[in-house]
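Text of entry.cif, listed as mmCIF, C-alpha atoms:
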data_data
loop_
_atom_site.label_atom_id
_atom_site.label_comp_id
_atom_site.auth_asym_id
_atom_site.auth_seq_id
_atom_site.Cartn_x
_atom_site.Cartn_y
_atom_site.Cartn_z
CA MET A 16 -12.51 5.10 21.36
CA LYS A 17 -10.42 8.25 21.74
CA VAL A 18 -8.36 9.39 18.80
CA ILE A 19 -5.19 11.45 18.71
CA VAL A 20 -4.17 13.07 15.42
CA PRO A 21 -0.68 14.55 15.69
CA PHE A 22 -0.07 17.48 13.37
CA ARG A 23 2.85 19.74 12.53
CA LEU A 24 2.56 22.83 10.37
CA GLU A 25 6.15 24.04 10.55
CA ASP A 26 7.80 23.38 7.19
CA PRO A 27 5.72 20.23 6.62
CA LYS A 28 6.40 17.51 4.05
CA ALA A 29 9.99 18.52 3.39
CA ARG A 30 10.44 15.78 0.79
CA LEU A 31 7.95 17.61 -1.43
CA SER A 32 9.91 20.86 -1.24
CA VAL A 33 11.44 20.37 -4.67
CA TYR A 34 7.98 20.77 -6.17
CA LEU A 35 6.03 22.79 -3.64
CA LYS A 36 6.78 26.03 -1.86
CA ARG A 37 6.49 26.12 1.89
CA GLU A 38 3.08 27.87 1.84
CA GLU A 39 1.82 25.30 -0.66
CA ARG A 40 3.03 22.44 1.50
CA GLU A 41 1.26 24.02 4.48
CA GLU A 42 -1.95 24.22 2.49
CA LEU A 43 -1.58 20.61 1.40
CA ALA A 44 -0.91 19.47 4.97
CA LEU A 45 -4.07 21.25 6.16
CA CYS A 46 -6.13 19.59 3.42
CA MET A 47 -4.77 16.19 4.42
CA LEU A 48 -5.66 16.91 8.05
CA SER A 49 -9.14 17.86 6.90
CA ASP A 50 -9.56 14.58 4.99
CA VAL A 51 -8.38 12.56 7.98
CA LEU A 52 -10.61 14.41 10.46
CA LYS A 53 -13.57 14.01 8.13
CA ALA A 54 -13.09 10.24 7.89
CA ILE A 55 -12.71 9.91 11.67
CA SER A 56 -15.61 12.22 12.52
CA LYS A 57 -18.03 9.99 10.64
CA THR A 58 -17.28 7.04 12.91
CA ASP A 59 -18.47 6.50 16.44
CA VAL A 60 -15.64 8.05 18.48
CA GLU A 61 -15.71 9.44 21.97
CA ARG A 62 -13.23 12.24 21.42
CA VAL A 63 -10.81 13.40 18.73
CA THR A 64 -7.78 15.47 19.67
CA VAL A 65 -5.62 17.28 17.17
CA LEU A 66 -2.23 17.38 18.80
CA LEU A 67 -0.44 20.35 17.36
CA SER A 68 3.32 20.54 17.61
CA GLY A 69 4.14 24.20 17.79
CA SER A 70 2.14 27.29 18.41
CA SER A 71 -1.47 28.02 17.71
CA ASP A 72 -2.69 28.51 14.18
CA GLU A 73 -6.07 29.87 13.14
CA ARG A 74 -6.46 27.50 10.23
CA VAL A 75 -5.87 24.44 12.41
CA GLU A 76 -8.22 25.82 15.07
CA SER A 77 -10.92 26.33 12.47
CA LEU A 78 -10.46 22.84 11.02
CA ALA A 79 -10.55 21.16 14.42
CA SER A 80 -13.66 23.12 15.34
CA ASN A 81 -15.40 22.18 12.06
CA PHE A 82 -14.99 18.51 12.83
CA GLY A 83 -15.76 18.75 16.54
CA ALA A 84 -12.20 17.92 17.50
CA GLU A 85 -10.28 19.28 20.48
CA LEU A 86 -7.01 21.05 19.95
CA GLU A 87 -3.98 20.61 22.20
CA PHE A 88 -0.52 22.04 21.90
CA ASP A 89 2.67 20.24 22.75
CA LYS A 90 6.13 21.22 21.58
CA SER A 91 7.72 18.02 22.86
CA GLU A 92 9.11 15.36 20.57
CA LEU A 93 6.29 13.52 18.77
CA SER A 94 6.32 10.19 20.66
CA LYS A 95 6.66 11.95 24.02
CA ALA A 96 3.72 14.25 23.26
CA ILE A 97 1.57 11.30 22.26
CA ASN A 98 2.61 9.03 25.15
CA ARG A 99 1.57 11.74 27.61
CA ARG A 100 -1.97 11.33 26.31
CA LEU A 101 -2.00 7.63 25.40
CA GLU A 102 -4.30 5.49 27.50
CA ALA A 103 -6.22 2.27 26.95
CA LEU A 104 -8.78 2.51 24.12
CA THR A 105 -6.96 5.20 22.23
CA ALA A 106 -6.02 5.31 18.56
CA VAL A 107 -3.28 7.40 17.01
CA ILE A 108 -3.90 8.29 13.38
CA VAL A 109 -1.33 10.30 11.46
CA SER A 110 -2.57 13.34 9.59
CA ASP A 111 -1.23 12.60 6.09
CA LEU A 112 -3.61 9.86 4.96
CA PRO A 113 -5.82 11.49 2.33
CA LEU A 114 -7.06 8.12 1.04
CA LEU A 115 -8.70 7.36 4.37
CA SER A 116 -12.50 6.98 4.49
CA LYS A 117 -14.95 6.36 7.30
CA GLU A 118 -15.28 2.74 6.07
CA VAL A 119 -11.56 2.14 6.52
CA VAL A 120 -11.43 3.83 9.93
CA LYS A 121 -14.51 1.92 11.08
CA LYS A 122 -13.00 -1.43 10.08
CA PHE A 123 -9.80 -0.44 11.84
CA PHE A 124 -11.63 0.28 15.09
CA GLU A 125 -13.48 -3.03 14.79
CA LEU A 126 -10.40 -5.21 14.41
CA GLU A 127 -9.83 -7.04 17.66
CA GLY A 128 -6.46 -7.20 19.38
CA ASP A 129 -4.70 -5.50 22.30
CA VAL A 130 -2.67 -3.50 19.82
CA VAL A 131 -3.77 -2.99 16.20
CA ILE A 132 -1.37 -1.49 13.70
CA ALA A 133 -1.91 -0.22 10.16
CA PRO A 134 1.49 -0.18 8.45
CA GLY A 135 2.59 2.58 6.14
CA ARG A 136 5.17 2.37 3.43
CA ARG A 137 8.86 2.43 4.40
CA GLY A 138 8.26 0.82 7.78
CA GLY A 139 5.98 3.44 9.26
CA THR A 140 2.98 3.17 11.56
CA ASN A 141 0.06 5.03 9.98
CA MET A 142 -2.61 4.06 12.48
CA LEU A 143 -2.19 2.42 15.86
CA LEU A 144 -4.86 1.45 18.33
CA THR A 145 -4.25 0.21 21.82
CA ARG A 146 -6.76 -1.39 24.15
CA LYS A 147 -4.13 -1.71 26.90
CA GLU A 148 -1.40 0.46 28.35
CA PHE A 149 1.14 1.09 25.62
CA ARG A 150 3.87 3.51 24.62
CA VAL A 151 4.60 4.53 21.04
CA SER A 152 7.96 5.19 19.45
CA TYR A 153 7.71 6.89 16.09
CA HIS A 154 10.53 7.50 13.64
CA TYR A 155 13.10 5.00 12.46
CA GLY A 156 10.99 2.02 11.49
CA SER A 157 8.21 2.41 14.00
CA TYR A 158 6.16 -0.45 12.57
CA LEU A 159 8.61 -3.18 13.53
CA LYS A 160 9.33 -1.45 16.85
CA HIS A 161 5.64 -1.31 17.75
CA VAL A 162 5.07 -4.95 16.83
CA THR A 163 8.09 -6.02 18.88
CA MET A 164 7.13 -3.86 21.87
CA ALA A 165 3.56 -5.18 21.92
CA LYS A 166 4.67 -8.80 21.65
CA ARG A 167 7.20 -8.30 24.42
CA MET A 168 4.31 -7.20 26.64
CA ASN A 169 2.43 -10.40 25.67
CA TYR A 170 -0.25 -8.40 23.95
CA THR A 171 -2.17 -9.76 20.99
CA VAL A 172 -1.04 -7.78 17.96
CA LYS A 173 -3.18 -7.51 14.86
CA ILE A 174 -2.04 -5.99 11.58
CA PHE A 175 -4.69 -3.93 9.82
CA ASP A 176 -4.15 -4.68 6.15
CA SER A 177 -5.22 -1.63 4.15
CA PHE A 178 -3.91 -0.08 0.93
CA PHE A 179 -5.73 3.18 1.65
CA ALA A 180 -4.48 3.49 5.22
CA GLY A 181 -1.03 2.52 3.98
CA CYS A 182 -0.71 5.51 1.66
CA ASP A 183 0.84 8.27 3.73
CA VAL A 184 2.04 11.21 1.69
CA ASP A 185 5.77 11.90 1.82
CA THR A 186 7.08 11.83 -1.73
CA PRO A 187 5.89 13.06 -5.16
CA ASP A 188 5.04 9.42 -5.99
CA ASP A 189 2.56 9.45 -3.11
CA LEU A 190 0.72 12.40 -4.67
CA LEU A 191 0.01 10.17 -7.66
CA GLU A 192 -1.89 7.78 -5.38
CA VAL A 193 -4.04 10.68 -4.13
CA MET A 194 -5.02 11.70 -7.65
CA ILE A 195 -5.78 8.10 -8.68
CA HIS A 196 -7.66 6.90 -5.61
CA SER A 197 -9.07 9.95 -3.89
CA PRO A 198 -10.24 12.46 -6.54
CA ASN A 199 -12.90 13.94 -4.26
CA SER A 200 -10.63 14.54 -1.28
CA GLU A 201 -9.67 18.03 -0.15
CA THR A 202 -6.07 17.02 -0.79
CA CYS A 203 -6.75 16.20 -4.44
CA LYS A 204 -8.73 19.42 -4.90
CA CYS A 205 -5.77 21.30 -3.45
CA LEU A 206 -3.35 19.54 -5.81
CA ARG A 207 -5.52 20.41 -8.80
CA LYS A 208 -5.73 24.01 -7.62
CA LEU A 209 -1.94 24.07 -7.42
CA GLY A 210 -1.81 22.99 -11.05
CA PHE A 211 -1.27 19.25 -10.71
CA ARG A 212 -2.89 17.01 -13.32
CA LEU A 213 -3.10 13.25 -13.64
CA LEU A 214 -1.86 11.97 -17.00
CA LEU A 215 -2.99 8.52 -18.07
CA GLU A 216 -1.76 8.28 -21.67
CA LYS A 217 1.09 5.97 -20.70
CA ASN A 218 2.09 4.92 -17.20
CA PRO A 219 0.13 7.16 -14.81
CA LYS A 220 2.03 10.22 -13.72
CA ILE A 221 1.30 13.68 -12.46
CA VAL A 222 2.46 16.92 -14.00
CA ARG A 223 2.24 20.46 -12.77
CA VAL A 224 0.82 22.62 -15.52
CA ARG A 225 1.73 26.00 -14.06
CA ASN A 226 5.09 27.27 -12.83
CA TYR A 227 6.70 23.86 -12.51
CA GLY A 228 7.80 21.12 -14.88
CA GLU A 229 6.87 17.50 -14.87
CA ILE A 230 7.38 15.67 -11.61
CA MET B 2 -12.69 -20.04 -8.67
CA LYS B 3 -10.08 -20.43 -11.43
CA VAL B 4 -6.88 -18.44 -11.11
CA ILE B 5 -4.53 -17.22 -13.82
CA VAL B 6 -1.02 -16.14 -12.79
CA PRO B 7 0.76 -14.48 -15.73
CA PHE B 8 4.54 -14.83 -15.62
CA ARG B 9 7.45 -13.64 -17.71
CA LEU B 10 11.02 -14.78 -17.20
CA GLU B 11 12.70 -12.87 -20.04
CA ASP B 12 14.70 -10.03 -18.52
CA PRO B 13 12.23 -9.59 -15.64
CA LYS B 14 11.99 -6.60 -13.31
CA ALA B 15 14.01 -4.27 -15.50
CA ARG B 16 13.75 -1.43 -12.96
CA LEU B 17 15.87 -3.47 -10.57
CA SER B 18 18.63 -3.91 -13.13
CA VAL B 19 20.82 -1.22 -11.56
CA TYR B 20 21.19 -3.45 -8.52
CA LEU B 21 20.62 -6.96 -9.78
CA LYS B 22 22.07 -8.88 -12.68
CA ARG B 23 19.70 -10.55 -15.08
CA GLU B 24 20.21 -14.03 -13.58
CA GLU B 25 19.58 -12.60 -10.13
CA ARG B 26 16.38 -10.91 -11.28
CA GLU B 27 15.26 -14.20 -12.79
CA GLU B 28 15.90 -15.96 -9.50
CA LEU B 29 13.97 -13.24 -7.64
CA ALA B 30 11.06 -13.44 -10.09
CA LEU B 31 10.87 -17.22 -9.59
CA CYS B 32 10.85 -16.79 -5.80
CA MET B 33 8.03 -14.25 -6.05
CA LEU B 34 6.07 -16.65 -8.26
CA SER B 35 6.66 -19.34 -5.65
CA ASP B 36 5.32 -17.10 -2.85
CA VAL B 37 2.23 -16.21 -4.89
CA LEU B 38 1.50 -19.81 -5.88
CA LYS B 39 1.96 -20.92 -2.27
CA ALA B 40 -0.58 -18.36 -1.02
CA ILE B 41 -3.11 -19.30 -3.70
CA SER B 42 -2.63 -23.05 -3.34
CA LYS B 43 -3.69 -22.89 0.30
CA THR B 44 -7.11 -21.54 -0.63
CA ASP B 45 -10.03 -23.43 -2.11
CA VAL B 46 -9.46 -22.95 -5.83
CA GLU B 47 -10.63 -25.09 -8.71
CA ARG B 48 -7.60 -24.61 -10.93
CA VAL B 49 -4.47 -22.47 -11.03
CA THR B 50 -2.80 -21.75 -14.36
CA VAL B 51 0.64 -20.23 -14.65
CA LEU B 52 0.52 -18.38 -17.95
CA LEU B 53 4.07 -18.21 -19.20
CA SER B 54 4.96 -15.60 -21.78
CA GLY B 55 7.77 -17.12 -23.79
CA SER B 56 9.18 -20.57 -24.13
CA SER B 57 9.26 -23.38 -21.65
CA ASP B 58 11.55 -23.24 -18.64
CA GLU B 59 12.37 -26.13 -16.34
CA ARG B 60 12.35 -24.00 -13.20
CA VAL B 61 8.86 -22.67 -13.92
CA GLU B 62 7.64 -26.16 -14.79
CA SER B 63 8.99 -27.49 -11.53
CA LEU B 64 7.42 -24.64 -9.49
CA ALA B 65 4.03 -25.03 -11.13
CA SER B 66 4.13 -28.77 -10.56
CA ASN B 67 5.08 -28.32 -6.88
CA PHE B 68 1.98 -26.23 -6.28
CA GLY B 69 -0.36 -28.33 -8.44
CA ALA B 70 -0.70 -25.56 -11.02
CA GLU B 71 -1.09 -26.04 -14.74
CA LEU B 72 1.35 -24.41 -17.10
CA GLU B 73 0.35 -22.76 -20.38
CA PHE B 74 2.44 -20.88 -22.89
CA ASP B 75 1.36 -17.84 -24.81
CA LYS B 76 3.67 -15.40 -26.55
CA SER B 77 0.88 -12.89 -27.21
CA GLU B 78 0.71 -9.54 -25.50
CA LEU B 79 -0.23 -9.92 -21.82
CA SER B 80 -3.87 -8.73 -21.91
CA LYS B 81 -4.59 -10.71 -25.07
CA ALA B 82 -3.13 -13.89 -23.57
CA ILE B 83 -5.21 -13.44 -20.42
CA ASN B 84 -8.43 -12.49 -22.20
CA ARG B 85 -8.24 -15.70 -24.25
CA ARG B 86 -8.59 -17.60 -20.99
CA LEU B 87 -10.76 -15.22 -18.97
CA GLU B 88 -14.24 -16.48 -18.17
CA ALA B 89 -16.73 -15.89 -15.38
CA LEU B 90 -15.41 -16.89 -11.94
CA THR B 91 -11.78 -16.33 -12.79
CA ALA B 92 -9.17 -14.34 -10.90
CA VAL B 93 -5.98 -12.90 -12.34
CA ILE B 94 -3.20 -12.50 -9.80
CA VAL B 95 0.12 -11.01 -10.84
CA SER B 96 3.23 -12.94 -9.92
CA ASP B 97 5.21 -10.24 -8.09
CA LEU B 98 3.30 -10.04 -4.80
CA PRO B 99 5.62 -11.62 -2.21
CA LEU B 100 3.62 -10.17 0.71
CA LEU B 101 0.57 -12.20 -0.27
CA SER B 102 -0.71 -14.83 2.17
CA LYS B 103 -3.53 -17.33 2.03
CA GLU B 104 -5.53 -15.10 4.41
CA VAL B 105 -5.35 -12.18 2.00
CA VAL B 106 -6.19 -14.30 -1.06
CA LYS B 107 -9.08 -15.95 0.80
CA LYS B 108 -10.56 -12.57 1.79
CA PHE B 109 -10.16 -11.40 -1.79
CA PHE B 110 -12.09 -14.38 -3.14
CA GLU B 111 -14.80 -13.77 -0.54
CA LEU B 112 -15.44 -10.13 -1.40
CA GLU B 113 -18.70 -9.90 -3.30
CA GLY B 114 -19.06 -7.94 -6.54
CA ASP B 115 -19.20 -8.70 -10.25
CA VAL B 116 -15.68 -7.39 -10.57
CA VAL B 117 -13.29 -7.14 -7.61
CA ILE B 118 -10.01 -5.27 -7.96
CA ALA B 119 -6.99 -5.07 -5.68
CA PRO B 120 -5.07 -1.94 -6.64
CA GLY B 121 -1.31 -1.82 -6.78
CA ARG B 122 0.86 1.24 -6.45
CA ARG B 123 1.21 3.55 -9.45
CA GLY B 124 -2.24 2.75 -10.81
CA GLY B 125 -1.78 -0.96 -11.38
CA THR B 126 -4.16 -3.88 -10.94
CA ASN B 127 -2.52 -6.48 -8.74
CA MET B 128 -5.46 -8.86 -8.40
CA LEU B 129 -8.69 -8.88 -10.38
CA LEU B 130 -11.58 -11.24 -10.03
CA THR B 131 -14.56 -11.39 -12.34
CA ARG B 132 -17.83 -13.22 -11.78
CA LYS B 133 -19.14 -12.13 -15.18
CA GLU B 134 -17.78 -11.84 -18.69
CA PHE B 135 -14.97 -9.30 -18.65
CA ARG B 136 -11.87 -8.27 -20.58
CA VAL B 137 -8.71 -6.98 -18.97
CA SER B 138 -6.40 -4.27 -20.24
CA TYR B 139 -3.10 -4.17 -18.41
CA HIS B 140 -0.41 -1.50 -18.74
CA TYR B 141 -0.90 2.26 -18.59
CA GLY B 142 -3.02 2.72 -15.50
CA SER B 143 -4.97 -0.50 -15.62
CA TYR B 144 -6.70 0.13 -12.28
CA LEU B 145 -8.74 3.11 -13.48
CA LYS B 146 -9.34 1.44 -16.84
CA HIS B 147 -10.71 -1.71 -15.20
CA VAL B 148 -12.96 0.26 -12.85
CA THR B 149 -14.31 2.32 -15.76
CA MET B 150 -14.83 -0.70 -18.00
CA ALA B 151 -16.69 -2.62 -15.31
CA LYS B 152 -18.94 0.34 -14.47
CA ARG B 153 -19.68 0.88 -18.16
CA MET B 154 -20.97 -2.70 -18.25
CA ASN B 155 -23.18 -1.93 -15.23
CA TYR B 156 -21.28 -4.39 -13.10
CA THR B 157 -20.92 -3.94 -9.36
CA VAL B 158 -17.28 -3.08 -8.73
CA LYS B 159 -15.63 -3.68 -5.36
CA ILE B 160 -12.19 -2.45 -4.41
CA PHE B 161 -10.22 -4.91 -2.31
CA ASP B 162 -8.34 -2.73 0.14
CA SER B 163 -5.07 -4.47 1.03
CA PHE B 164 -1.60 -3.18 1.84
CA PHE B 165 -0.08 -6.63 1.29
CA ALA B 166 -1.81 -7.21 -2.05
CA GLY B 167 -0.88 -3.64 -3.02
CA CYS B 168 2.87 -4.23 -2.74
CA ASP B 169 4.00 -5.41 -6.17
CA VAL B 170 7.74 -5.40 -6.61
CA ASP B 171 9.10 -3.08 -9.28
CA THR B 172 11.59 -0.76 -7.66
CA PRO B 173 14.34 -1.05 -5.02
CA ASP B 174 11.95 0.66 -2.56
CA ASP B 175 9.56 -2.25 -2.98
CA LEU B 176 12.28 -4.68 -1.87
CA LEU B 177 12.33 -2.84 1.46
CA GLU B 178 8.67 -3.76 1.98
CA VAL B 179 9.49 -7.43 1.39
CA MET B 180 12.23 -7.42 4.04
CA ILE B 181 10.02 -5.60 6.57
CA HIS B 182 6.74 -7.45 6.09
CA SER B 183 7.58 -10.84 4.66
CA PRO B 184 10.81 -12.11 6.24
CA ASN B 185 9.83 -15.76 5.81
CA SER B 186 8.95 -15.53 2.13
CA GLU B 187 11.08 -17.21 -0.54
CA THR B 188 11.60 -13.75 -1.99
CA CYS B 189 13.11 -12.44 1.23
CA LYS B 190 15.30 -15.52 1.59
CA CYS B 191 16.51 -14.93 -1.97
CA LEU B 192 17.27 -11.28 -1.20
CA ARG B 193 19.27 -12.26 1.87
CA LYS B 194 21.15 -14.88 -0.15
CA LEU B 195 21.99 -12.18 -2.68
CA GLY B 196 23.48 -10.11 0.13
CA PHE B 197 20.64 -7.74 0.96
CA ARG B 198 20.22 -6.72 4.58
CA LEU B 199 17.61 -4.64 6.34
CA LEU B 200 19.07 -1.76 8.35
CA LEU B 201 16.91 -0.26 11.07
CA GLU B 202 19.28 2.12 12.85
CA LYS B 203 17.66 5.16 11.27
CA ASN B 204 14.93 5.19 8.63
CA PRO B 205 14.63 1.60 7.40
CA LYS B 206 16.66 0.88 4.30
CA ILE B 207 18.25 -2.08 2.62
CA VAL B 208 21.89 -2.45 1.72
CA ARG B 209 23.68 -5.04 -0.33
CA VAL B 210 26.66 -6.27 1.65
CA ARG B 211 28.47 -8.04 -1.16
CA ASN B 212 29.45 -6.76 -4.59
CA TYR B 213 27.15 -3.78 -4.58
CA GLY B 214 26.88 -0.51 -2.69
CA GLU B 215 24.00 0.80 -0.70
CA ILE B 216 20.70 1.01 -2.53
#
When written as structure tokens, how does the structure in this file appear?
Amino acid sequence: MKVIVPFRLEDPKARLSVYLKREEREELALCMLSDVLKAISKTDVERVTVLLSGSSDERVESLASNFGAELEFDKSELSKAINRRLEALTAVIVSDLPLLSKEVVKKFFELEGDVVIAPGRRGGTNMLLTRKEFRVSYHYGSYLKHVTMAKRMNYTVKIFDSFFAGCDVDTPDDLLEVMIHSPNSETCKCLRKLGFRLLLEKNPKIVRVRNYGEI
Amino acid sequence: MKVIVPFRLEDPKARLSVYLKREEREELALCMLSDVLKAISKTDVERVTVLLSGSSDERVESLASNFGAELEFDKSELSKAINRRLEALTAVIVSDLPLLSKEVVKKFFELEGDVVIAPGRRGGTNMLLTRKEFRVSYHYGSYLKHVTMAKRMNYTVKIFDSFFAGCDVDTPDDLLEVMIHSPNSETCKCLRKLGFRLLLEKNPKIVRVRNYGEI
């Protein structure tokens, strides 16, 4: 299995910008990439490629190198950049899944089917694996698009049912899931360093103890 | 395996009250209960009990009867009412999981462990199964509480990792998941009847085409 992990460092996670400065969001994005690469690197994969949209960055280079991943640059639109590299027996795993573990990734690789899809919230595709020729189309409800496209090609489509793979981080609510389910992740360590705390007195919520109010 | 499905029909799903009238929320809650009972009834269970908080209701009686479930009434606080009935080899499955299927429930029952927990979003416990003596404590981050309690008793704890079991319906965002992933459920049919439509032109969202504006 080859794995592509698309990554963008330019103004990442815009929906968190109310609570996190740009540099902080960059740091968080790098920690999430680290968690994802760590989970993947512990499985039996042939090659992992971090596909960086934009120009080179030392921090990304260092991370990729730490986990034995290759680094490629492509400024094209996301789906186009991926499709250029997508061949049979390739998985695409997005970089904002801090709840991912090697167990989850391993099970994902093991699920049979021409096309295997792990849905994310809000209609997204968090992980996709193809054992045939296939083209991806991210943005705007990619999950239903990918299922439809695969069925149209008479491929067997399997849905990988995972809470942990389903938790991509876009909104402040998603950060809560990180602090509940993945306390040892780099992402959670980063959140704590940035002043975030998990409060459990009533309904679980996170607060930022320095600089910012409750989120 | 015995299964307890707690259910409340008094002003249900308060967080949806901006978009749905009380009668509509009741109808939705009943459809979700129907979807959950349907999924459970197709597995090999010894007994299913709908645990109704509040007084009798013909619609609930009829639903329970349709799926061969028993109906019990208990006006006590949720955890207390469940704990009265909780014994070894019992599962508690909440009633607002319209993405549940018999495949998911079957896998859940098959996962080994003294205590097996399917997390919901925001720190909740959507399904819990105990093979030993155990007491539940819902509300206020029940997932972490249940994990801690089980570990303190030296029980083996297994986390059931499921996107579909993780989607409990509390907020308007959750309704989007129903329309994307469970179009044939009673819950989705109810939403369509109430005027909700899934829009996929841009990022997936649902709108209400009659009476109400976009949500």
*Decode the PyMOL selection byres ((chain A) within 10 of (chain B)) for the given file into explicit residues and return them as a PyMOL selection string.*
chain A and resi 119+133-139+154-160+175-182+188-189+191-192+194-196+214-220
Go ahead and save the picked residues with C-alpha atoms, as a CSV table (one decimal), keeping the file's coordinate frame.
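Full text of selection-v9.csv as output:
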chain,number,residue,atom,x,y,z
A,119,VAL,CA,-11.6,2.1,6.5
A,133,ALA,CA,-1.9,-0.2,10.2
A,134,PRO,CA,1.5,-0.2,8.4
A,135,GLY,CA,2.6,2.6,6.1
A,136,ARG,CA,5.2,2.4,3.4
A,137,ARG,CA,8.9,2.4,4.4
A,138,GLY,CA,8.3,0.8,7.8
A,139,GLY,CA,6.0,3.4,9.3
A,154,HIS,CA,10.5,7.5,13.6
A,155,TYR,CA,13.1,5.0,12.5
A,156,GLY,CA,11.0,2.0,11.5
A,157,SER,CA,8.2,2.4,14.0
A,158,TYR,CA,6.2,-0.4,12.6
A,159,LEU,CA,8.6,-3.2,13.5
A,160,LYS,CA,9.3,-1.4,16.8
A,175,PHE,CA,-4.7,-3.9,9.8
A,176,ASP,CA,-4.2,-4.7,6.2
A,177,SER,CA,-5.2,-1.6,4.2
A,178,PHE,CA,-3.9,-0.1,0.9
A,179,PHE,CA,-5.7,3.2,1.6
A,180,ALA,CA,-4.5,3.5,5.2
A,181,GLY,CA,-1.0,2.5,4.0
A,182,CYS,CA,-0.7,5.5,1.7
A,188,ASP,CA,5.0,9.4,-6.0
A,189,ASP,CA,2.6,9.4,-3.1
A,191,LEU,CA,0.0,10.2,-7.7
A,192,GLU,CA,-1.9,7.8,-5.4
A,194,MET,CA,-5.0,11.7,-7.6
A,195,ILE,CA,-5.8,8.1,-8.7
A,196,HIS,CA,-7.7,6.9,-5.6
A,214,LEU,CA,-1.9,12.0,-17.0
A,215,LEU,CA,-3.0,8.5,-18.1
A,216,GLU,CA,-1.8,8.3,-21.7
A,217,LYS,CA,1.1,6.0,-20.7
A,218,ASN,CA,2.1,4.9,-17.2
A,219,PRO,CA,0.1,7.2,-14.8
A,220,LYS,CA,2.0,10.2,-13.7
*Can you list, as an MDAnalysis selection string, every protein, DNA or RNA residue that comes within 12 Å of Ser197 of chain A when you count only C-alpha atoms, leaving out same-chain residues fewer than 3 positions away?*
(chainID A and resid 47 50 112:116 179 182 189:194 200:206 213) or (chainID B and resid 145)
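With all atoms listed in the file as the basis for measurement, B:Glu104 is the residue among B:Glu59, B:Glu104, B:Glu88, B:Asp75 that approaches Asp45 of chain B most closely.
Selection result for the displayed file, with the PyMOL selection byres ((chain B and resi 87) around 10) as criterion, is Lys3, Val4, Ile5, Ser80, Lys81, Ala82, Ile83, Asn84, Arg85, Arg86, Glu88, Ala89, Leu90, Thr91, Ala92, Val93, Leu130, Thr131, Lys133, Glu134, Phe135, Arg136 and Val137 of chain B.
Going from atom CA of Arg62 of chain A over to atom CA of Lys122 of chain A, you cover 17.8 Å.
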_Sel. within 8 Å of pt (0.7, -8.4, 14.4), counting only C-alpha atoms, output as a list in words_ = Val131, Ile132, Val162, Thr171, Val172, Lys173 and Ile174 of chain A
*Find the distance between atom CA of Val222 of chain A and atom CA of Asp169 of chain B and write it in Å to one decimal.*
23.7 Å
*When distances are computed from only C-alpha atoms, which of A:His161, A:Ser56, A:Leu209, A:Asn81 shows the smallest separation from Glu38 of chain A?*
A:Leu209
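For the set A:Phe124, A:Tyr153, A:Phe211, A:Phe22, the residue with the smallest atom-to-atom gap to Phe88 of chain A is A:Phe22, counting only C-alpha atoms.
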*Which value, in Å to one decimal, gives the distance between atom CA of Ser68 of chain A and atom CA of Lys53 of chain A?*
20.4 Å
